[in-house]
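Source file: model-v4.cif. Holds: mmCIF, C-alpha atoms and all ligand atoms.
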```cif
data_structure
#
loop_
_atom_site.label_atom_id
_atom_site.label_comp_id
_atom_site.auth_asym_id
_atom_site.auth_seq_id
_atom_site.Cartn_x
_atom_site.Cartn_y
_atom_site.Cartn_z
CA MET A 1058 -29.15 24.53 -7.38
CA LEU A 1059 -28.50 23.00 -3.98
CA ARG A 1060 -29.12 25.10 -0.90
CA PRO A 1061 -26.03 24.97 1.32
CA LEU A 1062 -26.77 23.32 4.63
CA LYS A 1063 -25.95 25.18 7.84
CA ILE A 1064 -23.84 22.99 10.07
CA PRO A 1065 -25.13 23.78 13.55
CA HIS A 1066 -22.98 25.23 16.35
CA LEU A 1067 -19.67 23.65 15.44
CA SER A 1068 -18.01 26.13 13.08
CA ALA A 1069 -17.34 28.83 15.61
CA ARG A 1070 -15.92 26.47 18.18
CA CYS A 1071 -13.75 24.37 15.90
CA GLY A 1072 -12.34 27.18 13.82
CA SER A 1073 -11.95 24.93 10.79
CA ASN A 1074 -14.64 24.07 8.28
CA PHE A 1075 -12.97 20.67 7.77
CA VAL A 1076 -13.10 19.80 11.48
CA SER A 1077 -16.72 21.01 11.66
CA ARG A 1078 -17.75 18.87 8.73
CA MET A 1079 -16.02 15.75 10.02
CA ARG A 1080 -17.59 16.10 13.46
CA TYR A 1081 -20.98 16.86 11.98
CA VAL A 1082 -20.95 13.78 9.71
CA ASN A 1083 -19.79 11.66 12.63
CA ARG A 1084 -22.73 12.97 14.67
CA LEU A 1085 -25.19 12.17 11.88
CA LYS A 1086 -24.27 8.48 12.24
CA VAL A 1087 -25.73 8.40 15.76
CA ASP A 1088 -28.15 11.35 15.97
CA ASP A 1089 -31.21 10.18 14.04
CA GLU A 1090 -33.04 13.52 14.43
CA ALA A 1091 -30.13 15.49 12.99
CA LEU A 1092 -29.89 12.91 10.20
CA ALA A 1093 -33.58 13.33 9.31
CA ALA A 1094 -33.09 17.13 9.19
CA ALA A 1095 -30.02 16.73 6.98
CA LEU A 1096 -31.90 14.40 4.65
CA GLU A 1097 -34.55 17.11 4.09
CA ASN A 1098 -32.01 19.25 2.26
CA GLY A 1099 -29.31 16.80 1.21
CA HIS A 1100 -27.77 15.98 -2.13
CA MET A 1101 -28.77 12.55 -3.48
CA LEU A 1102 -26.83 10.21 -5.76
CA LEU A 1103 -29.27 7.80 -7.39
CA PHE A 1104 -28.47 4.22 -8.43
CA HIS A 1105 -30.59 1.62 -10.18
CA ARG A 1106 -29.55 -1.93 -9.27
CA LEU A 1107 -26.13 -0.50 -8.38
CA SER A 1108 -25.68 1.45 -11.65
CA PRO A 1109 -25.19 5.19 -11.00
CA LEU A 1110 -27.33 7.86 -12.66
CA LEU A 1111 -25.12 10.09 -14.85
CA GLN A 1112 -25.86 13.14 -16.92
CA ARG A 1113 -23.93 14.44 -19.91
CA THR A 1114 -22.79 18.05 -19.37
CA PRO A 1115 -22.92 20.67 -22.18
CA GLN A 1116 -19.10 20.24 -22.39
CA GLY A 1117 -19.58 16.54 -23.19
CA SER A 1118 -18.29 15.12 -19.89
CA PHE A 1119 -20.40 13.04 -17.48
CA ARG A 1120 -21.37 13.66 -13.87
CA PRO A 1121 -24.15 12.62 -11.47
CA PRO A 1122 -27.03 15.13 -11.68
CA THR A 1123 -27.38 17.48 -8.72
CA LEU A 1124 -30.58 16.25 -7.06
CA ILE A 1125 -31.96 17.59 -3.79
CA THR A 1126 -33.55 14.91 -1.61
CA THR A 1127 -36.92 16.70 -1.44
CA ASP A 1128 -37.03 16.75 -5.26
CA VAL A 1129 -36.14 13.06 -5.36
CA GLN A 1130 -38.94 12.39 -2.85
CA SER A 1131 -41.48 14.13 -5.15
CA ILE A 1132 -40.23 12.17 -8.17
CA LEU A 1133 -40.45 8.86 -6.30
CA GLU A 1134 -43.99 9.64 -5.15
CA LYS A 1135 -44.96 10.58 -8.70
CA LEU A 1136 -43.68 7.17 -9.81
CA GLY A 1137 -45.83 5.41 -7.25
CA SER A 1138 -43.29 4.78 -4.49
CA ASP A 1139 -44.18 5.39 -0.84
CA ARG A 1140 -41.98 7.07 1.80
CA THR A 1141 -40.29 3.81 2.87
CA LEU A 1142 -37.97 3.86 -0.17
CA MET A 1143 -36.48 7.20 0.93
CA LYS A 1144 -35.68 5.59 4.31
CA LYS A 1145 -33.22 3.34 2.46
CA SER A 1146 -31.01 6.39 1.78
CA ILE A 1147 -27.44 6.02 2.99
CA LEU A 1148 -25.30 8.81 4.35
CA LEU A 1149 -22.18 9.39 2.23
CA GLY A 1150 -20.59 12.50 3.71
CA CYS A 1151 -20.56 16.28 3.53
CA SER A 1152 -19.08 18.32 0.68
CA GLU A 1153 -16.74 21.29 1.12
CA GLN A 1154 -19.81 23.43 0.36
CA ASN A 1155 -21.49 21.87 3.43
CA GLN A 1156 -23.96 19.81 1.41
CA VAL A 1157 -24.77 16.53 3.10
CA GLN A 1158 -24.58 13.71 0.55
CA PHE A 1159 -26.72 10.57 0.42
CA CYS A 1160 -27.20 7.72 -2.01
CA LEU A 1161 -30.24 5.59 -2.77
CA ASP A 1162 -30.88 2.57 -4.98
CA VAL A 1163 -34.23 2.88 -6.77
CA GLY A 1164 -33.95 -0.56 -8.38
CA GLU A 1165 -37.56 -1.37 -7.46
CA LEU A 1166 -38.81 1.41 -9.79
CA HIS A 1167 -38.97 1.36 -13.56
CA GLN A 1168 -35.52 2.42 -14.78
CA ALA A 1169 -36.59 4.41 -17.85
CA ALA A 1170 -39.26 6.30 -15.85
CA VAL A 1171 -36.71 7.46 -13.25
CA GLU A 1172 -34.26 8.41 -16.01
CA GLU A 1173 -36.90 10.52 -17.70
CA GLU A 1174 -37.95 12.29 -14.50
CA CYS A 1175 -34.42 12.96 -13.24
CA GLY A 1176 -32.64 13.48 -16.53
CA GLY A 1177 -29.69 11.20 -17.27
CA LYS A 1178 -29.04 7.49 -17.66
CA PHE A 1179 -28.19 4.69 -15.24
CA ILE A 1180 -24.85 3.40 -16.48
CA SER A 1181 -23.03 0.29 -15.24
CA LEU A 1182 -20.26 1.24 -12.82
CA LYS A 1183 -17.54 -0.34 -15.00
CA LYS A 1184 -18.50 1.98 -17.87
CA ALA A 1185 -19.27 4.94 -15.59
CA PHE A 1186 -15.74 4.78 -14.22
CA PHE A 1187 -14.33 5.54 -17.66
CA LEU A 1188 -16.85 8.35 -18.23
CA LEU A 1189 -16.41 10.19 -14.94
CA THR A 1190 -13.51 12.59 -15.13
CA GLY A 1191 -14.39 14.96 -12.28
CA PRO A 1192 -14.01 14.64 -8.51
CA GLU A 1193 -17.33 12.73 -8.24
CA ALA A 1194 -15.80 9.35 -9.13
CA PRO A 1195 -14.74 8.43 -5.53
CA LEU A 1196 -18.16 9.47 -4.20
CA VAL A 1197 -19.96 7.33 -6.79
CA ALA A 1198 -17.62 4.43 -5.91
CA LYS A 1199 -18.34 4.85 -2.21
CA GLY A 1200 -22.09 5.00 -2.79
CA ARG A 1201 -22.07 1.88 -4.91
CA ALA A 1202 -19.92 -0.01 -2.40
CA LEU A 1203 -22.14 0.93 0.56
CA LEU A 1204 -25.36 0.08 -1.29
CA ARG A 1205 -23.94 -3.27 -2.31
CA TRP A 1206 -22.74 -3.98 1.21
CA HIS A 1207 -26.26 -3.39 2.58
CA GLN A 1208 -27.83 -5.53 -0.14
CA THR A 1209 -25.51 -8.46 0.62
CA ASN A 1210 -25.45 -8.24 4.43
CA SER A 1211 -29.10 -8.41 5.31
CA PHE A 1212 -28.64 -11.59 7.40
CA CYS A 1213 -26.46 -12.33 10.41
CA SER A 1214 -23.75 -14.87 9.57
CA ALA A 1215 -23.91 -16.28 13.14
CA THR A 1216 -27.68 -16.66 13.64
CA GLY A 1217 -29.12 -16.44 10.13
CA GLU A 1218 -31.58 -13.83 11.45
CA PRO A 1219 -32.23 -10.59 9.49
CA THR A 1220 -29.95 -7.65 10.37
CA GLN A 1221 -31.30 -4.11 10.82
CA ARG A 1222 -29.55 -1.02 9.51
CA ASN A 1223 -29.21 2.22 11.47
CA PRO A 1224 -30.83 5.28 9.80
CA ALA A 1225 -27.46 6.61 8.52
CA GLY A 1226 -26.60 3.22 7.02
CA SER A 1227 -23.18 3.13 8.70
CA GLN A 1228 -23.79 -0.27 10.35
CA ARG A 1229 -26.19 -3.23 10.63
CA VAL A 1230 -27.12 -5.04 13.83
CA CYS A 1231 -28.45 -8.52 14.51
CA ASN A 1232 -30.96 -7.99 17.30
CA SER A 1233 -30.84 -11.67 18.16
CA SER A 1234 -27.06 -11.99 18.74
CA GLY A 1235 -26.22 -8.31 19.27
CA ILE A 1236 -23.49 -8.54 16.62
CA VAL A 1237 -22.80 -5.20 14.93
CA TYR A 1238 -21.64 -5.36 11.31
CA TYR A 1239 -19.68 -2.52 9.65
CA PRO A 1240 -19.03 -2.07 5.92
CA THR A 1241 -15.86 -3.94 4.92
CA MET A 1242 -13.14 -3.50 2.30
CA SER A 1243 -10.58 -6.07 1.16
CA PRO A 1244 -7.00 -4.79 1.40
CA VAL A 1245 -5.14 -4.82 -1.93
CA VAL A 1246 -1.56 -3.83 -2.72
CA ILE A 1247 -0.84 -2.22 -6.10
CA VAL A 1248 2.74 -1.66 -7.18
CA LEU A 1249 4.52 -0.02 -10.07
CA VAL A 1250 7.77 -1.92 -10.56
CA SER A 1251 10.66 -0.11 -12.24
CA ASP A 1252 14.14 -1.22 -13.35
CA GLY A 1253 15.38 2.36 -13.31
CA LYS A 1254 14.59 3.05 -16.98
CA ARG A 1255 11.36 1.15 -17.68
CA CYS A 1256 8.24 0.25 -15.75
CA LEU A 1257 6.41 -3.07 -15.66
CA LEU A 1258 2.73 -3.33 -16.54
CA GLY A 1259 0.50 -6.34 -16.90
CA ARG A 1260 -2.98 -7.22 -18.07
CA GLN A 1261 -5.53 -9.82 -17.04
CA SER A 1262 -7.63 -11.46 -19.75
CA SER A 1263 -10.70 -9.86 -18.08
CA PHE A 1264 -9.35 -6.30 -18.67
CA PRO A 1265 -10.80 -4.30 -21.58
CA GLN A 1266 -8.83 -5.02 -24.75
CA GLY A 1267 -5.50 -3.16 -24.88
CA MET A 1268 -5.52 -1.94 -21.26
CA TYR A 1269 -2.40 -2.50 -19.14
CA SER A 1270 -2.07 -1.68 -15.45
CA ALA A 1271 0.28 -1.84 -12.48
CA LEU A 1272 0.50 -5.22 -10.71
CA ALA A 1273 -2.02 -5.75 -7.92
CA GLY A 1274 -3.02 -8.43 -5.46
CA PHE A 1275 -5.18 -9.09 -2.40
CA CYS A 1276 -3.49 -9.29 0.99
CA ASP A 1277 -3.58 -12.79 2.46
CA MET A 1278 -4.66 -13.17 6.08
CA GLY A 1279 -1.77 -12.31 8.40
CA GLU A 1280 0.41 -10.60 5.80
CA THR A 1281 1.95 -7.14 6.01
CA VAL A 1282 1.52 -4.97 2.90
CA GLU A 1283 5.27 -5.34 2.22
CA GLU A 1284 4.91 -9.13 2.27
CA THR A 1285 1.89 -9.02 -0.06
CA LEU A 1286 3.76 -6.76 -2.46
CA SER A 1287 6.85 -9.00 -2.66
CA ARG A 1288 4.75 -12.17 -2.94
CA GLU A 1289 2.45 -10.82 -5.67
CA VAL A 1290 5.35 -9.59 -7.82
CA ALA A 1291 7.15 -12.94 -7.35
CA GLU A 1292 3.99 -14.94 -8.15
CA GLU A 1293 2.78 -12.93 -11.13
CA VAL A 1294 6.02 -12.03 -12.95
CA GLY A 1295 8.78 -14.03 -11.22
CA LEU A 1296 10.79 -11.03 -10.00
CA GLU A 1297 12.16 -10.06 -6.59
CA VAL A 1298 11.63 -6.43 -5.59
CA LEU A 1299 14.31 -4.45 -3.77
CA ASN A 1300 13.34 -0.95 -2.65
CA VAL A 1301 9.74 -0.21 -1.85
CA SER A 1302 8.20 3.21 -1.24
CA TYR A 1303 4.62 4.11 -0.37
CA SER A 1304 2.76 6.48 -2.69
CA SER A 1305 -0.95 6.78 -1.86
CA SER A 1306 -4.18 4.85 -1.37
CA GLN A 1307 -7.74 4.72 -2.65
CA HIS A 1308 -11.02 2.94 -2.22
CA TRP A 1309 -11.92 0.90 -5.32
CA PRO A 1310 -15.41 -0.53 -5.84
CA PHE A 1311 -14.24 -3.63 -7.83
CA PRO A 1312 -14.64 -6.56 -7.61
CA HIS A 1313 -16.71 -5.61 -4.54
CA SER A 1314 -14.96 -3.10 -2.32
CA SER A 1315 -11.17 -2.94 -2.13
CA PHE A 1316 -8.81 -0.73 -0.18
CA MET A 1317 -5.94 -0.13 -2.61
CA MET A 1318 -2.53 0.76 -1.16
CA GLY A 1319 -0.18 2.04 -3.86
CA PHE A 1320 3.61 1.62 -3.92
CA HIS A 1321 6.63 2.06 -6.16
CA ALA A 1322 9.23 -0.70 -6.14
CA SER A 1323 12.47 -1.35 -7.97
CA VAL A 1324 14.19 -4.47 -9.23
CA SER A 1325 17.86 -4.82 -10.01
CA PRO A 1326 18.59 -3.76 -13.64
CA THR A 1327 20.48 -7.08 -13.99
CA TYR A 1328 17.46 -9.25 -13.02
CA THR A 1329 14.60 -8.04 -15.22
CA GLN A 1330 13.59 -11.21 -17.09
CA VAL A 1331 9.82 -11.48 -16.73
CA SER A 1332 8.24 -14.91 -16.27
CA VAL A 1333 4.47 -14.43 -16.45
CA ASP A 1334 2.14 -16.69 -14.47
CA HIS A 1335 -0.52 -17.15 -17.14
CA THR A 1336 -3.11 -18.35 -14.64
CA GLU A 1337 -3.09 -14.78 -13.24
CA LEU A 1338 -2.00 -12.54 -16.11
CA GLU A 1339 -2.45 -12.67 -19.86
CA ASP A 1340 0.70 -10.59 -20.40
CA ALA A 1341 3.27 -8.45 -18.55
CA ARG A 1342 5.92 -6.31 -20.18
CA TRP A 1343 8.46 -3.56 -19.60
CA PHE A 1344 7.53 -0.18 -21.09
CA SER A 1345 9.82 2.78 -21.80
CA LEU A 1346 9.13 6.34 -20.67
CA GLU A 1347 8.28 7.30 -24.27
CA GLU A 1348 5.74 4.46 -24.59
CA ILE A 1349 4.14 5.35 -21.26
CA THR A 1350 4.05 9.07 -22.08
CA SER A 1351 2.10 8.45 -25.27
CA ALA A 1352 -0.17 5.82 -23.64
CA LEU A 1353 -1.19 8.41 -21.02
CA GLN A 1354 -2.65 10.47 -23.90
CA VAL A 1355 -4.72 7.57 -25.34
CA LYS A 1356 -8.47 7.86 -24.65
CA ALA A 1357 -10.13 4.70 -23.34
CA PRO A 1358 -12.17 3.07 -26.13
CA LEU A 1359 -15.68 2.87 -24.70
CA SER A 1360 -17.49 0.75 -27.20
CA ARG A 1361 -16.58 -2.89 -27.70
CA GLY A 1362 -15.03 -3.84 -31.01
CA LYS A 1363 -13.23 -0.51 -31.37
CA PRO A 1364 -9.81 -1.15 -29.84
CA ALA A 1365 -7.49 1.82 -29.37
CA ALA A 1366 -4.31 1.83 -31.38
CA GLY A 1367 -1.50 0.51 -29.16
CA PHE A 1368 -2.05 0.05 -25.46
CA TRP A 1369 -3.82 2.31 -22.99
CA LEU A 1370 -3.99 2.85 -19.24
CA PRO A 1371 -6.61 2.86 -16.45
CA PRO A 1372 -8.62 6.10 -16.02
CA LYS A 1373 -7.19 9.18 -14.28
CA HIS A 1374 -8.91 8.52 -10.95
CA ALA A 1375 -7.53 4.95 -10.76
CA ILE A 1376 -4.53 4.69 -8.47
CA ALA A 1377 -2.71 2.76 -11.23
CA ASN A 1378 -2.85 5.88 -13.40
CA HIS A 1379 -1.60 7.97 -10.48
CA LEU A 1380 1.39 5.66 -9.89
CA ILE A 1381 2.25 5.62 -13.59
CA THR A 1382 2.02 9.42 -13.86
CA GLU A 1383 4.15 9.80 -10.72
CA TRP A 1384 6.75 7.47 -12.24
CA THR A 1385 6.94 9.55 -15.47
CA HIS A 1386 7.51 12.72 -13.41
CA ARG A 1387 10.30 11.03 -11.45
CA GLN A 1388 11.95 9.71 -14.61
CA ARG A 1389 11.88 13.16 -16.21
CA ALA A 1390 13.21 14.78 -13.04
CA GLN A 1391 16.05 12.21 -12.93
CA SER A 1392 17.00 12.73 -16.56
CA THR A 1393 17.41 16.48 -16.00
CA ILE A 1394 19.76 16.05 -12.99
N1 LIG B 1401 -7.65 1.12 -8.89
C1 LIG B 1401 -6.72 0.64 -9.71
O1 LIG B 1401 -5.94 1.40 -10.30
C2 LIG B 1401 -6.60 -0.84 -9.93
C3 LIG B 1401 -7.38 -1.69 -9.18
N2 LIG B 1401 -7.20 -3.04 -9.30
C4 LIG B 1401 -8.03 -3.89 -8.46
O2 LIG B 1401 -7.22 -4.67 -7.62
C5 LIG B 1401 -7.92 -5.84 -7.29
C6 LIG B 1401 -6.95 -6.97 -7.06
O3 LIG B 1401 -6.16 -7.21 -8.18
P1 LIG B 1401 -6.00 -8.69 -8.79
O4 LIG B 1401 -4.80 -8.63 -9.66
O5 LIG B 1401 -7.29 -9.11 -9.39
O6 LIG B 1401 -5.73 -9.53 -7.48
P2 LIG B 1401 -4.93 -10.94 -7.30
O7 LIG B 1401 -3.67 -10.89 -8.07
O8 LIG B 1401 -4.86 -11.19 -5.83
O9 LIG B 1401 -5.81 -12.01 -8.02
C7 LIG B 1401 -7.22 -12.10 -7.89
C8 LIG B 1401 -7.59 -13.45 -7.30
O10 LIG B 1401 -7.25 -13.46 -5.94
C9 LIG B 1401 -8.19 -14.26 -5.21
N3 LIG B 1401 -8.63 -13.48 -4.05
C10 LIG B 1401 -8.02 -13.49 -2.84
N4 LIG B 1401 -8.63 -12.69 -1.97
C11 LIG B 1401 -9.67 -12.14 -2.62
C12 LIG B 1401 -10.69 -11.20 -2.24
N5 LIG B 1401 -10.75 -10.66 -1.02
N6 LIG B 1401 -11.59 -10.81 -3.18
C13 LIG B 1401 -11.55 -11.31 -4.42
N7 LIG B 1401 -10.60 -12.20 -4.84
C14 LIG B 1401 -9.68 -12.63 -3.95
C15 LIG B 1401 -9.26 -14.67 -6.22
O11 LIG B 1401 -8.89 -15.95 -6.68
P3 LIG B 1401 -9.95 -17.13 -6.88
O12 LIG B 1401 -10.98 -16.55 -7.82
O13 LIG B 1401 -9.12 -18.22 -7.46
O14 LIG B 1401 -10.50 -17.41 -5.54
C16 LIG B 1401 -9.09 -13.68 -7.36
O15 LIG B 1401 -9.46 -14.18 -8.62
C17 LIG B 1401 -8.88 -6.09 -8.44
O16 LIG B 1401 -10.16 -6.25 -7.90
C18 LIG B 1401 -8.83 -4.86 -9.29
O17 LIG B 1401 -10.12 -4.32 -9.55
C19 LIG B 1401 -6.27 -3.60 -10.14
C20 LIG B 1401 -5.49 -2.78 -10.92
C21 LIG B 1401 -5.63 -1.33 -10.92
MG MG B 1402 -2.98 -9.59 -9.56
#
```
As a first step, turn the structure in this file into structure tokens.
Ligand SMILES: NC(=O)C1=CN([C@@H]2O[C@H](COP(=O)(O)OP(=O)(O)OC[C@H]3O[C@@H](n4cnc5c(N)ncnc54)[C@H](OP(=O)(O)O)[C@@H]3O)[C@@H](O)[C@H]2O)C=CC1
Ligand SMILES: [Mg+2]
Amino acid sequence: MLRPLKIPHLSARCGSNFVSRMRYVNRLKVDDEALAAALENGHMLLFHRLSPLLQRTPQGSFRPPTLITTDVQSILEKLGSDRTLMKKSILLGCSEQNQVQFCLDVGELHQAAVEEECGGKFISLKKAFFLLTGPEAPLVAKGRALLRWHQTNSFCSATGEPTQRNPAGSQRVCNSSGIVYYPTMSPVVIVLVSDGKRCLLGRQSSFPQGMYSALAGFCDMGETVEETLSREVAEEVGLEVLNVSYSSSQHWPFPHSSFMMGFHASVSPTYTQVSVDHTELEDARWFSLEEITSALQVKAPLSRGKPAAGFWLPPKHAIANHLITEWTHRQRAQSTI
């Protein structure tokens, strides 16, 4: 069981636990002493070569095991690692229960030995994302994205010299040029197109068999999100969108680290003929409310070679699923007016 961390001084003055936590985490990025104290009693998400450690719960779901950093330190020492590995921990945030969260990649240790000591299995993120059903999915995604960013940004792109990370892992600096690097995300627009009665979903050949999703595309340099949205729908399915409304956003760890901005859009019911660009999509089709309602109940087939009957949708914590669910609620609300 994790011991809740006392956030010093701030609670009384700020009045809100949320404000206290945000200010505290912000301070940890620059106050190395406070960070070291937080690390003593933090909660650690472990990764092995970017695959998160997950544990099966008695109820059959999966979640990262609750590991306290001091326990992780003992395990690492037992497995022959020195204290420098722990210094590679990266600050993730602070939970509502005031537990400071870190992540660490132990890829230099023997995978099976860590699994045995900690309990659980390191599972590739693609698979883990279908197994995680609780609120931990975004935290695991963030951890993976930050670890990957550090692993791929260890040299300055201007000087070629090594970059140095700060203790919190929120930036890297080239001491030769003075350039400060911050973790980056690529902006992506995702849109659920509707003709008033049906919604349009597509699939790439790289998707798991049978999975359909909302249309998505990376923003080109200089574009607004509205321009990206209209261009992507035109390019991928040959349609022109009319009304656009913002829904929500999410960080997504694939292919590397994307910032997904989710929208609903409509097309005229008289111009719904889909013309799929097969260099981008394998298929795109209109689906009725009934089809979507039953697809939302289909469980993702996890093992290869066992395709689900019919089509199925991205997992609950994917913004595509959120947009599709939102659309079904709107359709039902409309039909009862
Ligand atoms: N969270 C969710 O619910 C969903 C998330 N997504 C995510 O949205 C992302 C974008 O969707 P997708 O349809 O693939 O995008 P696009 O339609 O833009 O097509 C992908 C292609 O765009 C090019 N591209 C341009 N900029 C980038 C960049 N910054 N990073 C990588 N490729 C780039 C690449 O082409 P080339 O290889 O020719 O250079 C790539 O193959 C995907 O990574 C996917 O994981 C998608 C659906 C649902
Ligand atoms: Mg696309």
Task: Protein and nucleic residues near ligand LIG 1401 (chain B), 6 Å, all atoms listed in the file, as a ChimeraX atom specification - done: /A:1243,1245,1270,1273-1275,1309,1311-1312,1375-1377
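With only C-alpha atoms and all ligand atoms as the atoms that count, the set of residues no farther than 9 Å from ligand MG 1402 (chain B) is Ile1247, Gly1259, Arg1260, Gln1261, Ala1271, Leu1272, Ala1273, Gly1274, Phe1275, Glu1289, Val1290, Glu1292, Glu1293, Glu1337 and Leu1338 of chain A.
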Open item on the list: List as a list of chain:residue names the protein and nucleic acid residues near A:Thr1327, meaning an atom at most 12 Å away when only C-alpha atoms are counted, but skip any in the same chain fewer than 3 places from it.
Closed with: A:Asp1252, A:Gly1253, A:Leu1296, A:Glu1297, A:Ser1323, A:Val1324, A:Gln1330, A:Val1331
Open item on the list: For a quick check of your reading of the model, name the residues lying within 6 Å of the coordinate (-33.3, 18.8, 0.0), counting all atoms listed in the file, and write them as a list in words.
Closed with: Glu1097, Asn1098, Gly1099, Ile1125, Thr1126 and Thr1127 of chain A
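By chain and then residue number, the residues within 10 Å of A:Ala1352 are A:Met1268, A:Tyr1269, A:Leu1346, A:Glu1347, A:Glu1348, A:Ile1349, A:Val1355, A:Lys1356, A:Ala1366, A:Gly1367, A:Phe1368, A:Trp1369, A:Leu1370, counting all atoms listed in the file and disregarding those fewer than 3 positions away in sequence.
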Task: Of the listed residues A:Leu1136, A:His1374, A:Phe1075, A:Val1298, that which approaches A:Glu1284 most closely, counting only C-alpha atoms - done: A:Val1298
Using all atoms of stretch 1145-1160 of chain A listed in the file and a margin of 5 Å per side, can you give the axis-aligned box centre and edge lengths in Å to one decimal, as JSON?
```
{"center_x": -25.0, "center_y": 13.4, "center_z": 1.2, "size_x": 26.5, "size_y": 30.1, "size_z": 16.4}
```
Task: Nearest residue to A:Pro1310 from the set A:Leu1102, A:Ala1291, A:Ile1381, A:Ala1198 (distances using all atoms listed in the file) - done: A:Ala1198
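Atom to atom, atom CA of A:Gln1354 and atom CA of A:Met1318 stand 24.7 Å apart.
Among A:Met1079, A:Asn1155, A:Pro1372, A:Glu1339, the residue with the shortest atom-to-atom distance to A:Phe1264, counting all atoms listed in the file, is A:Glu1339.
When atom CA of A:Leu1133 is paired with atom CA of A:Cys1160, their separation reads 14.0 Å.
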- [ ] Would you mind listing what lies within 12 Å of A:Gln1391 as an MDAnalysis selection string, with all atoms listed in the file counted and same-chain residues fewer than 3 positions away left out?
- [x] chainID A and resid 1253:1254 1346 1384:1388 1394
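Of the listed residues (A:Cys1256, A:Val1082, A:Ala1169, A:Met1242), A:Met1242 comes nearest to A:His1308; the distances count only C-alpha atoms.
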- [ ] Go ahead and compute the interatomic distance for atom CA of A:Pro1192 and atom CA of A:Val1301, in Å to one decimal.
- [x] 28.8 Å
Task: All residues 12 Å or closer to stretch 1083-1089 of chain A, only C-alpha atoms, same chain fewer than 5 positions away omitted, as a VMD selection string - done: chain A and resid 1064 to 1065 1067 1076 to 1078 1094 to 1096 1144 1147 to 1151 1157 to 1159 1222 to 1229
Would you output that residue set with C-alpha atoms, as a PDB file, in the coordinates of the input?
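Now in out.pdb:
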```
ATOM      1  CA  ILE A1064     -23.840  22.990  10.070  1.00  0.00           C
ATOM      2  CA  PRO A1065     -25.130  23.780  13.550  1.00  0.00           C
ATOM      3  CA  LEU A1067     -19.670  23.650  15.440  1.00  0.00           C
ATOM      4  CA  VAL A1076     -13.100  19.800  11.480  1.00  0.00           C
ATOM      5  CA  SER A1077     -16.720  21.010  11.660  1.00  0.00           C
ATOM      6  CA  ARG A1078     -17.750  18.870   8.730  1.00  0.00           C
ATOM      7  CA  ALA A1094     -33.090  17.130   9.190  1.00  0.00           C
ATOM      8  CA  ALA A1095     -30.020  16.730   6.980  1.00  0.00           C
ATOM      9  CA  LEU A1096     -31.900  14.400   4.650  1.00  0.00           C
ATOM     10  CA  LYS A1144     -35.680   5.590   4.310  1.00  0.00           C
ATOM     11  CA  ILE A1147     -27.440   6.020   2.990  1.00  0.00           C
ATOM     12  CA  LEU A1148     -25.300   8.810   4.350  1.00  0.00           C
ATOM     13  CA  LEU A1149     -22.180   9.390   2.230  1.00  0.00           C
ATOM     14  CA  GLY A1150     -20.590  12.500   3.710  1.00  0.00           C
ATOM     15  CA  CYS A1151     -20.560  16.280   3.530  1.00  0.00           C
ATOM     16  CA  VAL A1157     -24.770  16.530   3.100  1.00  0.00           C
ATOM     17  CA  GLN A1158     -24.580  13.710   0.550  1.00  0.00           C
ATOM     18  CA  PHE A1159     -26.720  10.570   0.420  1.00  0.00           C
ATOM     19  CA  ARG A1222     -29.550  -1.020   9.510  1.00  0.00           C
ATOM     20  CA  ASN A1223     -29.210   2.220  11.470  1.00  0.00           C
ATOM     21  CA  PRO A1224     -30.830   5.280   9.800  1.00  0.00           C
ATOM     22  CA  ALA A1225     -27.460   6.610   8.520  1.00  0.00           C
ATOM     23  CA  GLY A1226     -26.600   3.220   7.020  1.00  0.00           C
ATOM     24  CA  SER A1227     -23.180   3.130   8.700  1.00  0.00           C
ATOM     25  CA  GLN A1228     -23.790  -0.270  10.350  1.00  0.00           C
ATOM     26  CA  ARG A1229     -26.190  -3.230  10.630  1.00  0.00           C
TER      27      ARG A1229
END
```
Any chance you could model N, CA and C atoms for stretch 1139-1145 of chain A and send them as a PDB file, in the coordinates of the input?
```pdb
ATOM      1  N   ASP A1139     -43.792   4.733  -2.094  1.00  0.00           N
ATOM      2  CA  ASP A1139     -44.180   5.390  -0.840  1.00  0.00           C
ATOM      3  C   ASP A1139     -42.915   5.876  -0.113  1.00  0.00           C
ATOM      4  N   ARG A1140     -43.102   6.419   1.101  1.00  0.00           N
ATOM      5  CA  ARG A1140     -41.980   7.070   1.800  1.00  0.00           C
ATOM      6  C   ARG A1140     -40.925   6.083   2.306  1.00  0.00           C
ATOM      7  N   THR A1141     -41.264   4.770   2.310  1.00  0.00           N
ATOM      8  CA  THR A1141     -40.290   3.810   2.870  1.00  0.00           C
ATOM      9  C   THR A1141     -39.026   3.718   2.009  1.00  0.00           C
ATOM     10  N   LEU A1142     -39.163   3.952   0.708  1.00  0.00           N
ATOM     11  CA  LEU A1142     -37.970   3.860  -0.170  1.00  0.00           C
ATOM     12  C   LEU A1142     -36.931   4.902   0.250  1.00  0.00           C
ATOM     13  N   MET A1143     -37.398   6.116   0.547  1.00  0.00           N
ATOM     14  CA  MET A1143     -36.480   7.200   0.930  1.00  0.00           C
ATOM     15  C   MET A1143     -35.698   6.831   2.207  1.00  0.00           C
ATOM     16  N   LYS A1144     -36.345   5.996   3.057  1.00  0.00           N
ATOM     17  CA  LYS A1144     -35.680   5.590   4.310  1.00  0.00           C
ATOM     18  C   LYS A1144     -34.483   4.687   4.036  1.00  0.00           C
ATOM     19  N   LYS A1145     -34.366   4.189   2.809  1.00  0.00           N
ATOM     20  CA  LYS A1145     -33.220   3.340   2.460  1.00  0.00           C
ATOM     21  C   LYS A1145     -32.001   4.166   2.045  1.00  0.00           C
TER      22      LYS A1145
END
```
